[in-house]
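File shown: run-v8.tsv (TSV, C-alpha atoms).
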```
chain	number	residue	atom	x	y	z
A	13	MET	CA	129.99	213.85	27.67
A	14	ALA	CA	132.45	212.15	29.97
A	15	LYS	CA	131.91	208.49	30.43
A	16	LYS	CA	130.78	207.63	33.95
A	17	LYS	CA	133.44	205.72	35.80
A	18	GLN	CA	132.29	202.22	36.59
A	19	GLU	CA	132.33	201.35	40.29
A	20	VAL	CA	134.52	198.42	41.22
A	21	LYS	CA	132.77	196.01	43.52
A	22	LEU	CA	135.24	194.43	45.90
A	23	LYS	CA	134.95	190.73	46.51
A	24	GLU	CA	134.40	189.51	50.02
A	25	PRO	CA	137.02	186.99	51.15
A	26	VAL	CA	134.36	185.16	53.16
A	27	ARG	CA	130.88	184.65	51.79
A	28	ILE	CA	127.71	183.28	53.34
A	29	ARG	CA	126.21	180.38	51.41
A	30	PHE	CA	123.09	178.28	51.88
A	31	LYS	CA	122.49	174.58	51.31
A	32	GLN	CA	118.95	173.30	50.87
A	33	LEU	CA	118.16	170.33	53.10
A	34	ALA	CA	115.64	167.55	52.55
A	35	ASN	CA	113.54	168.67	55.53
A	36	GLY	CA	113.00	172.11	54.00
A	37	ASN	CA	115.54	173.93	56.15
A	38	GLN	CA	118.61	175.70	54.79
A	39	SER	CA	122.03	175.05	56.28
A	40	ILE	CA	124.24	178.15	56.49
A	41	TYR	CA	127.93	177.81	55.74
A	42	LEU	CA	130.89	180.05	54.94
A	43	ASP	CA	132.78	179.88	51.67
A	44	TYR	CA	136.21	181.47	51.91
A	45	TYR	CA	139.78	181.47	50.70
A	46	THR	CA	142.85	181.24	52.90
A	47	GLY	CA	146.37	182.38	52.18
A	48	ASP	CA	149.44	183.91	53.73
A	49	VAL	CA	149.28	187.17	51.76
A	50	ILE	CA	146.44	189.48	50.78
A	51	ARG	CA	146.77	189.77	47.01
A	52	LYS	CA	144.37	192.66	46.60
A	53	GLU	CA	142.63	195.05	48.90
A	54	ASN	CA	139.89	193.24	50.82
A	55	TYR	CA	140.71	189.98	49.10
A	56	VAL	CA	142.69	187.00	50.31
A	57	GLY	CA	143.97	184.50	47.80
A	58	GLY	CA	144.33	180.84	48.60
A	59	LYS	CA	142.59	177.53	48.68
A	60	ARG	CA	138.80	177.48	48.87
A	61	GLN	CA	137.43	176.12	52.14
A	62	TYR	CA	134.02	175.69	53.68
A	63	GLU	CA	132.90	176.07	57.26
A	64	PHE	CA	129.48	174.76	58.20
A	65	LEU	CA	128.13	176.84	61.07
A	66	LYS	CA	125.44	174.45	62.32
A	67	LEU	CA	122.97	177.29	61.85
A	68	TYR	CA	119.73	176.75	59.95
A	69	LEU	CA	117.00	178.84	58.35
A	70	ILE	CA	113.53	177.38	58.64
A	71	PRO	CA	110.53	177.83	56.33
A	72	GLU	CA	108.81	181.07	57.33
A	73	LYS	CA	105.22	180.22	58.19
A	74	THR	CA	104.74	182.62	61.08
A	75	ARG	CA	106.12	185.90	62.37
A	76	GLU	CA	108.05	183.93	64.95
A	77	ASP	CA	109.72	181.91	62.18
A	78	LYS	CA	110.73	185.12	60.40
A	79	ALA	CA	112.12	186.65	63.59
A	80	LYS	CA	114.07	183.47	64.33
A	81	ASN	CA	115.57	183.45	60.84
A	82	GLU	CA	116.58	187.10	61.16
A	83	ALA	CA	118.39	186.36	64.42
A	84	THR	CA	120.09	183.30	62.91
A	85	LEU	CA	121.21	185.25	59.85
A	86	ALA	CA	122.53	188.07	62.05
A	87	LEU	CA	124.63	185.53	63.95
A	88	ALA	CA	125.96	184.09	60.68
A	89	LYS	CA	126.93	187.59	59.51
A	90	ALA	CA	128.70	188.25	62.80
A	91	ILE	CA	130.73	185.06	62.36
A	92	GLN	CA	131.45	186.05	58.76
A	93	SER	CA	132.79	189.44	59.87
A	94	LYS	CA	134.94	187.77	62.50
A	95	ARG	CA	136.43	185.38	59.92
A	96	ILE	CA	137.27	188.26	57.56
A	97	VAL	CA	139.14	190.06	60.33
A	98	GLU	CA	140.99	186.86	61.22
A	99	LEU	CA	142.10	186.31	57.64
A	100	GLN	CA	143.29	189.88	57.27
A	101	ASN	CA	145.13	189.79	60.59
A	102	ASP	CA	146.78	186.55	59.56
A	103	ALA	CA	147.88	188.03	56.24
A	104	HIS	CA	149.47	191.02	57.99
A	105	GLY	CA	151.15	188.92	60.64
A	106	PHE	CA	148.89	189.91	63.52
A	107	GLN	CA	147.48	186.46	64.18
A	108	ASN	CA	148.03	182.92	63.03
A	109	THR	CA	144.57	181.63	62.17
A	110	ASN	CA	145.89	178.10	61.77
A	111	LYS	CA	146.86	178.13	65.44
A	112	SER	CA	143.53	179.62	66.48
A	113	LYS	CA	141.75	176.76	64.69
A	114	ALA	CA	143.24	174.34	67.24
A	115	ASN	CA	140.60	172.16	68.86
A	116	VAL	CA	139.93	172.97	72.51
A	117	ILE	CA	138.85	169.37	73.09
A	118	ASP	CA	142.23	168.04	71.91
A	119	TYR	CA	144.00	170.62	74.06
A	120	LEU	CA	142.03	169.52	77.13
A	121	MET	CA	142.72	165.86	76.36
A	122	ASN	CA	146.42	166.70	76.51
A	123	MET	CA	145.92	168.53	79.81
A	124	ARG	CA	144.15	165.45	81.13
A	125	SER	CA	147.06	163.19	80.15
A	126	GLN	CA	149.53	165.54	81.82
A	127	SER	CA	147.46	165.50	85.03
A	128	LYS	CA	147.46	161.71	85.03
A	129	GLU	CA	151.23	161.60	84.58
A	130	ARG	CA	151.66	163.98	87.54
A	131	GLY	CA	149.41	161.80	89.67
A	132	SER	CA	146.76	164.54	89.97
A	133	LEU	CA	143.90	162.08	89.61
A	134	ASN	CA	141.19	164.36	90.98
A	135	TYR	CA	142.10	167.09	88.51
A	136	GLU	CA	142.32	164.52	85.72
A	137	LYS	CA	138.74	163.53	86.52
A	138	THR	CA	137.61	167.17	86.56
A	139	VAL	CA	139.22	167.79	83.16
A	140	GLY	CA	137.49	164.68	81.82
A	141	ASN	CA	134.13	165.91	83.10
A	142	THR	CA	134.73	169.30	81.49
A	143	ILE	CA	135.47	167.61	78.16
A	144	ARG	CA	132.21	165.66	78.43
A	145	GLU	CA	130.17	168.81	79.09
A	146	LEU	CA	131.84	170.75	76.26
A	147	LYS	CA	131.06	167.93	73.82
A	148	LEU	CA	127.44	167.88	74.95
A	149	PHE	CA	127.33	171.66	74.58
A	150	ARG	CA	128.98	172.13	71.19
A	151	GLY	CA	130.28	168.82	69.79
A	152	ASP	CA	133.69	167.23	69.23
A	153	TYR	CA	135.33	170.23	67.57
A	154	ILE	CA	135.52	173.67	69.16
A	155	ALA	CA	138.13	176.04	67.74
A	156	PHE	CA	139.87	178.36	70.18
A	157	ARG	CA	139.01	181.26	67.89
A	158	ASP	CA	135.28	180.57	68.37
A	159	ILE	CA	135.44	181.04	72.13
A	160	ASP	CA	134.42	184.56	73.07
A	161	LYS	CA	132.46	186.24	75.84
A	162	ASP	CA	129.13	185.02	74.43
A	163	PHE	CA	130.42	181.45	74.16
A	164	LEU	CA	131.55	181.48	77.79
A	165	ASN	CA	128.25	182.96	78.93
A	166	SER	CA	126.26	180.32	77.04
A	167	PHE	CA	128.47	177.49	78.28
A	168	VAL	CA	128.05	178.54	81.91
A	169	ASP	CA	124.27	178.75	81.42
A	170	PHE	CA	124.42	175.24	79.93
A	171	LEU	CA	126.40	173.92	82.90
A	172	LYS	CA	123.92	175.38	85.37
A	173	GLN	CA	121.19	173.26	83.76
A	174	ALA	CA	123.32	170.17	83.04
A	175	LYS	CA	122.39	166.90	84.71
A	176	LYS	CA	124.72	165.15	87.09
A	177	ALA	CA	126.62	162.20	85.67
A	178	SER	CA	127.97	159.02	87.22
A	179	LYS	CA	131.66	158.14	87.28
A	180	PHE	CA	131.05	156.32	83.98
A	181	GLY	CA	129.74	159.50	82.34
A	182	LEU	CA	126.12	158.29	82.27
A	183	LEU	CA	123.53	160.92	83.11
A	184	LYS	CA	121.71	160.37	86.38
A	185	ALA	CA	117.97	160.73	86.74
A	186	GLY	CA	117.17	164.04	88.40
A	187	GLY	CA	119.48	166.64	89.81
A	188	VAL	CA	121.74	169.17	88.12
A	189	LEU	CA	125.39	170.05	88.62
A	190	SER	CA	126.20	171.84	91.85
A	191	ASN	CA	127.57	175.37	91.72
A	192	ASN	CA	130.94	174.04	92.84
A	193	SER	CA	131.01	171.62	89.89
A	194	VAL	CA	130.14	174.47	87.51
A	195	ILE	CA	132.97	176.52	89.01
A	196	ALA	CA	135.40	173.60	88.67
A	197	TYR	CA	134.52	172.88	85.02
A	198	TYR	CA	134.65	176.53	84.02
A	199	GLY	CA	137.98	176.77	85.84
A	200	VAL	CA	139.41	173.99	83.66
A	201	LEU	CA	138.29	175.75	80.47
A	202	ARG	CA	139.66	179.07	81.75
A	203	THR	CA	143.02	177.43	82.45
A	204	ALA	CA	143.14	176.05	78.89
A	205	ILE	CA	142.29	179.48	77.45
A	206	ASN	CA	144.91	181.23	79.60
A	207	ARG	CA	147.57	178.75	78.47
A	208	ALA	CA	146.53	179.10	74.84
A	209	TYR	CA	146.85	182.87	75.14
A	210	LYS	CA	150.35	182.59	76.61
A	211	GLU	CA	151.34	180.13	73.87
A	212	GLY	CA	150.17	182.50	71.12
A	213	ILE	CA	147.33	180.26	69.94
A	214	ILE	CA	144.93	183.17	70.45
A	215	THR	CA	145.69	186.89	70.60
A	216	VAL	CA	142.75	187.91	72.79
A	217	ASN	CA	141.84	186.29	76.10
A	218	PRO	CA	138.01	186.17	76.31
A	219	THR	CA	138.01	185.24	80.00
A	220	LYS	CA	139.20	188.77	80.81
A	221	GLU	CA	135.96	190.18	79.39
A	222	PHE	CA	133.64	187.67	81.06
A	223	ASP	CA	132.37	188.27	84.60
A	224	PHE	CA	132.01	184.68	85.76
A	225	ALA	CA	131.84	185.54	89.47
A	226	SER	CA	128.55	187.38	88.99
A	227	LYS	CA	126.90	184.31	87.43
A	228	VAL	CA	127.85	181.54	89.86
A	229	LYS	CA	128.41	181.66	93.60
A	230	ALA	CA	130.43	178.99	95.38
A	231	GLU	CA	128.59	176.75	97.82
A	232	VAL	CA	129.99	176.05	101.27
A	233	SER	CA	131.19	172.46	101.08
A	234	ARG	CA	130.72	170.18	104.06
A	235	ARG	CA	133.86	168.26	104.98
A	236	GLU	CA	133.88	165.24	107.27
A	237	TYR	CA	136.27	165.05	110.21
A	238	LEU	CA	137.33	162.09	112.29
A	239	THR	CA	137.35	162.41	116.06
A	240	ILE	CA	140.19	161.02	118.17
A	241	GLU	CA	137.85	158.26	119.32
A	242	GLU	CA	136.96	157.34	115.72
A	243	LEU	CA	140.64	157.30	114.76
A	244	LYS	CA	141.31	154.90	117.64
A	245	ARG	CA	138.50	152.65	116.38
A	246	LEU	CA	140.06	152.57	112.92
A	247	ILE	CA	143.44	151.68	114.43
A	248	GLY	CA	141.80	148.79	116.26
A	249	THR	CA	139.92	147.52	113.18
A	250	GLU	CA	141.46	145.22	110.61
A	251	CYS	CA	141.61	146.51	107.02
A	252	LYS	CA	141.62	144.11	104.06
A	253	TYR	CA	144.72	145.82	102.68
A	254	GLU	CA	147.26	146.62	105.39
A	255	ILE	CA	149.20	149.01	103.15
A	256	MET	CA	146.03	151.09	102.78
A	257	LYS	CA	145.54	151.25	106.54
A	258	GLN	CA	149.17	152.25	107.03
A	259	ALA	CA	148.99	154.97	104.35
A	260	PHE	CA	145.74	156.43	105.69
A	261	LEU	CA	146.84	156.55	109.32
A	262	PHE	CA	150.26	157.92	108.37
A	263	SER	CA	148.48	160.64	106.36
A	264	CYS	CA	146.21	161.48	109.29
A	265	LEU	CA	149.10	161.73	111.73
A	266	CYS	CA	151.44	163.81	109.56
A	267	GLY	CA	148.94	165.83	107.48
A	268	LEU	CA	150.16	164.94	103.98
A	269	ARG	CA	147.83	165.03	100.97
A	270	VAL	CA	147.12	161.78	99.16
A	271	SER	CA	149.03	163.08	96.11
A	272	ASP	CA	152.13	163.48	98.31
A	273	ILE	CA	151.59	160.13	100.05
A	274	ARG	CA	151.48	158.43	96.63
A	275	LYS	CA	154.85	159.83	95.58
A	276	LEU	CA	156.60	159.45	98.92
A	277	LYS	CA	159.85	157.48	98.58
A	278	TRP	CA	162.18	156.03	101.17
A	279	ASN	CA	164.91	158.53	100.38
A	280	ASP	CA	162.43	161.35	101.17
A	281	LEU	CA	162.85	160.38	104.83
A	282	GLN	CA	165.88	162.16	106.22
A	283	LYS	CA	167.37	162.14	109.71
A	284	SER	CA	167.64	165.56	111.33
A	285	GLY	CA	169.34	165.28	114.69
A	286	GLU	CA	167.37	162.73	116.68
A	287	ARG	CA	164.25	163.09	114.54
A	288	ILE	CA	163.11	161.81	111.16
A	289	ARG	CA	161.63	164.33	108.78
A	290	ILE	CA	160.14	164.31	105.29
A	291	GLU	CA	161.86	166.44	102.64
A	292	ILE	CA	159.73	166.71	99.49
A	293	LYS	CA	158.30	169.17	96.99
A	294	MET	CA	154.53	169.19	97.46
A	295	GLN	CA	152.61	167.87	94.46
A	296	LYS	CA	149.87	170.51	94.54
A	297	THR	CA	151.77	173.69	95.39
A	298	LYS	CA	155.27	172.70	94.15
A	299	GLU	CA	156.62	174.24	97.35
A	300	PRO	CA	159.40	172.45	99.30
A	301	LEU	CA	158.26	170.82	102.53
A	302	TYR	CA	160.34	169.88	105.56
A	303	LEU	CA	158.03	167.99	107.89
A	304	PRO	CA	159.14	166.40	111.18
A	305	ILE	CA	157.49	163.01	111.70
A	306	SER	CA	156.10	162.13	115.11
A	307	ASP	CA	156.90	158.80	116.73
A	308	GLU	CA	153.22	157.84	116.46
A	309	ALA	CA	153.24	158.46	112.69
A	310	LEU	CA	156.49	156.51	112.25
A	311	LYS	CA	154.76	153.42	113.68
A	312	TRP	CA	152.61	153.26	110.54
A	313	LEU	CA	155.45	153.15	108.06
A	314	PRO	CA	155.75	149.70	106.47
A	315	GLN	CA	159.01	147.77	106.78
A	316	GLN	CA	161.54	148.88	104.18
A	317	ASN	CA	163.13	145.42	103.95
A	318	GLU	CA	164.92	145.26	100.58
A	319	ALA	CA	163.21	148.32	99.09
A	320	LYS	CA	165.60	150.84	97.53
A	321	GLY	CA	165.74	154.54	98.30
A	322	ASP	CA	163.81	155.53	95.16
A	323	ASP	CA	161.06	152.93	95.73
A	324	LEU	CA	157.61	154.13	96.78
A	325	ILE	CA	156.76	153.71	100.45
A	326	PHE	CA	153.02	153.36	99.80
A	327	PRO	CA	152.31	151.82	96.35
A	328	LEU	CA	148.59	152.63	96.21
A	329	THR	CA	145.99	151.75	93.60
A	330	HIS	CA	143.77	154.32	91.85
A	331	GLU	CA	141.62	156.65	93.92
A	332	GLY	CA	138.25	155.04	93.20
A	333	THR	CA	139.38	151.70	94.61
A	334	ILE	CA	141.07	153.42	97.57
A	335	ASN	CA	137.84	155.14	98.58
A	336	LYS	CA	135.85	151.89	98.37
A	337	ILE	CA	138.37	150.12	100.60
A	338	LEU	CA	138.37	153.00	103.09
A	339	GLN	CA	134.56	153.04	103.24
A	340	LYS	CA	134.43	149.29	103.93
A	341	TRP	CA	137.07	149.66	106.63
A	342	ALA	CA	135.20	152.56	108.26
A	343	LYS	CA	131.94	150.59	108.18
A	344	ASP	CA	133.64	147.65	109.89
A	345	ALA	CA	134.83	150.10	112.56
A	346	GLY	CA	131.26	151.32	113.08
A	347	ILE	CA	131.90	154.72	111.50
A	348	ILE	CA	129.13	155.95	109.21
A	349	LYS	CA	130.97	159.02	107.92
A	350	HIS	CA	132.25	159.21	104.35
A	351	ILE	CA	136.01	159.05	104.79
A	352	SER	CA	138.79	159.57	102.28
A	353	PHE	CA	142.35	160.88	102.31
A	354	HIS	CA	140.76	164.35	102.27
A	355	THR	CA	138.89	163.69	105.54
```

I need this file expressed as structure tokens, please.
Amino acid sequence: MAKKKQEVKLKEPVRIRFKQLANGNQSIYLDYYTGDVIRKENYVGGKRQYEFLKLYLIPEKTREDKAKNEATLALAKAIQSKRIVELQNDAHGFQNTNKSKANVIDYLMNMRSQSKERGSLNYEKTVGNTIRELKLFRGDYIAFRDIDKDFLNSFVDFLKQAKKASKFGLLKAGGVLSNNSVIAYYGVLRTAINRAYKEGIITVNPTKEFDFASKVKAEVSRREYLTIEELKRLIGTECKYEIMKQAFLFSCLCGLRVSDIRKLKWNDLQKSGERIRIEIKMQKTKEPLYLPISDEALKWLPQQNEAKGDDLIFPLTHEGTINKILQKWAKDAGIIKHISFHT
């Protein structure tokens, strides 16, 4: 009688393990090997590593407990399957899993620094707020490879319930983020993901599969405007910092954004015939701008004196201080509107 051929059981490159905790729960983690080459079919050689999933099984005392554990285990198995595919893709040159392990938080921190260097202080603040919300949502480490359609959906749901925070990052009592804030924070994350995709950090862009527009609708924002009469009152009211008054009124009369006012240098003013015009590349759009300056606007330029051509015309402080000074000035002028360089 022929001897029955013994079946060969293939080893899984990624295995689900459990760690018993003191509180009776079991922590689920992955035990896997990494390597550049698959040594055998369905097996990847390399150094043993562990990945704790922050998923837990609880003692089953009720049907609800059992159902919850089944859902948790199903999620762990889904992550396990995803890791196996990633390892195999990496071994065959389809994807670099080391790149995809890059921390989204670190990536956003770098984006924030770049925004600060460019003088985009509002965007820098928005990136910082996005980092805060991501940390509250999932912690200090979020790998790019872990961001998929479900992650994005859960994060947006989290943002829609998140409490407002002060400029110091402290949560305020009552009130949740506005839809426009949710849109802004998701937009920052989407930008990071799009860049990571272009840079080859990830091979699939999850934002293309996620219908964000159906989940959050933009709110119509109310913008304050100054009347001619109010502008005249500001002109006739003393401001504690004359350079701030000059910059604000010059901005009002020529229509430049605060980001462009900040970077405006004396050699950006060029004579064209009998007129003076500004020749710059706009900070926000990167488009060249040739803007004739009216005589009224020219009155609010400070004296150049010994300043060189590459010196700033309006050396302004950071935006938070600017807004406080503008509000005090407006109050002294009897204007109760919230004014800023965006007014």

Long-range neighbours of Leu87 of chain A as a ChimeraX atom specification, 12 Å cut-off, only C-alpha atoms, 3 positions minimum in chain: /A:28,40-41,65-69,80-84,90-94,162

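Atom CA of Ala309 of chain A is positioned 8.4 Å from atom CA of Cys264 of chain A.
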
Distance in Å - atom CA of Ile255 of chain A versus atom CA of Gly267 of chain A: 17.4 Å

Residue neighbourhood Phe163 of chain A, 12 Å, all atoms listed in the file, exclusion window fewer than 2 positions, as a ChimeraX atom specification: /A:146,149-150,154-161,165-170,198,201,218-219,221-222

Nearest candidate to Ile213 of chain A (options A:Ala114, A:Val200, A:Val188, A:Ile195; using all atoms listed in the file): A:Ala114

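Between Tyr135 of chain A and the residues A:Ser271, A:Lys252, A:Ile240, A:Thr74, the shortest atom-to-atom distance, using only C-alpha atoms, involves A:Ser271.
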
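Using all atoms listed in the file, the shortest contact distance between Gln316 of chain A and any of A:Ser352, A:Asn122, A:Gln339, A:Asn279 is found at A:Asn279.
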
All residues 7 Å or closer to Asp43 of chain A, only C-alpha atoms, same chain fewer than 3 positions away omitted, as an MDAnalysis selection string: chainID A and resid 26:29 61:63

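The two atoms in question, atom CA of Asn191 of chain A and atom CA of Ala174 of chain A, are spaced 11.0 Å apart.
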
As a PDB file, keeping the file's coordinate frame, the rebuilt segment 68-85 of chain A with N, CA and C atoms:
```pdb
ATOM      1  N   TYR A  68     120.717 177.146  60.955  1.00  0.00           N
ATOM      2  CA  TYR A  68     119.730 176.750  59.950  1.00  0.00           C
ATOM      3  C   TYR A  68     118.604 177.779  59.848  1.00  0.00           C
ATOM      4  N   LEU A  69     118.197 178.043  58.602  1.00  0.00           N
ATOM      5  CA  LEU A  69     117.000 178.840  58.350  1.00  0.00           C
ATOM      6  C   LEU A  69     115.834 177.892  58.153  1.00  0.00           C
ATOM      7  N   ILE A  70     114.703 178.236  58.737  1.00  0.00           N
ATOM      8  CA  ILE A  70     113.530 177.380  58.640  1.00  0.00           C
ATOM      9  C   ILE A  70     112.493 178.026  57.724  1.00  0.00           C
ATOM     10  N   PRO A  71     111.595 177.238  57.154  1.00  0.00           N
ATOM     11  CA  PRO A  71     110.530 177.830  56.330  1.00  0.00           C
ATOM     12  C   PRO A  71     109.718 178.830  57.154  1.00  0.00           C
ATOM     13  N   GLU A  72     109.488 180.005  56.583  1.00  0.00           N
ATOM     14  CA  GLU A  72     108.810 181.070  57.330  1.00  0.00           C
ATOM     15  C   GLU A  72     107.292 180.944  57.167  1.00  0.00           C
ATOM     16  N   LYS A  73     106.673 180.387  58.195  1.00  0.00           N
ATOM     17  CA  LYS A  73     105.220 180.220  58.190  1.00  0.00           C
ATOM     18  C   LYS A  73     104.530 181.182  59.146  1.00  0.00           C
ATOM     19  N   THR A  74     105.295 181.691  60.098  1.00  0.00           N
ATOM     20  CA  THR A  74     104.740 182.620  61.080  1.00  0.00           C
ATOM     21  C   THR A  74     105.707 183.778  61.298  1.00  0.00           C
ATOM     22  N   ARG A  75     105.244 184.781  62.030  1.00  0.00           N
ATOM     23  CA  ARG A  75     106.120 185.900  62.370  1.00  0.00           C
ATOM     24  C   ARG A  75     107.293 185.431  63.232  1.00  0.00           C
ATOM     25  N   GLU A  76     107.004 184.454  64.087  1.00  0.00           N
ATOM     26  CA  GLU A  76     108.050 183.930  64.950  1.00  0.00           C
ATOM     27  C   GLU A  76     109.153 183.265  64.120  1.00  0.00           C
ATOM     28  N   ASP A  77     108.739 182.549  63.061  1.00  0.00           N
ATOM     29  CA  ASP A  77     109.720 181.910  62.180  1.00  0.00           C
ATOM     30  C   ASP A  77     110.610 182.967  61.519  1.00  0.00           C
ATOM     31  N   LYS A  78     109.974 184.055  61.063  1.00  0.00           N
ATOM     32  CA  LYS A  78     110.730 185.120  60.400  1.00  0.00           C
ATOM     33  C   LYS A  78     111.712 185.771  61.368  1.00  0.00           C
ATOM     34  N   ALA A  79     111.252 186.025  62.592  1.00  0.00           N
ATOM     35  CA  ALA A  79     112.120 186.650  63.590  1.00  0.00           C
ATOM     36  C   ALA A  79     113.292 185.730  63.939  1.00  0.00           C
ATOM     37  N   LYS A  80     113.011 184.440  64.019  1.00  0.00           N
ATOM     38  CA  LYS A  80     114.070 183.470  64.330  1.00  0.00           C
ATOM     39  C   LYS A  80     115.107 183.430  63.222  1.00  0.00           C
ATOM     40  N   ASN A  81     114.645 183.460  61.976  1.00  0.00           N
ATOM     41  CA  ASN A  81     115.570 183.450  60.840  1.00  0.00           C
ATOM     42  C   ASN A  81     116.432 184.715  60.807  1.00  0.00           C
ATOM     43  N   GLU A  82     115.821 185.844  61.143  1.00  0.00           N
ATOM     44  CA  GLU A  82     116.580 187.100  61.160  1.00  0.00           C
ATOM     45  C   GLU A  82     117.693 187.047  62.204  1.00  0.00           C
ATOM     46  N   ALA A  83     117.377 186.480  63.364  1.00  0.00           N
ATOM     47  CA  ALA A  83     118.390 186.360  64.420  1.00  0.00           C
ATOM     48  C   ALA A  83     119.496 185.392  64.009  1.00  0.00           C
ATOM     49  N   THR A  84     119.112 184.292  63.367  1.00  0.00           N
ATOM     50  CA  THR A  84     120.090 183.300  62.910  1.00  0.00           C
ATOM     51  C   THR A  84     121.013 183.895  61.858  1.00  0.00           C
ATOM     52  N   LEU A  85     120.421 184.637  60.917  1.00  0.00           N
ATOM     53  CA  LEU A  85     121.210 185.250  59.850  1.00  0.00           C
ATOM     54  C   LEU A  85     122.151 186.325  60.413  1.00  0.00           C
TER      55      LEU A  85
END
```
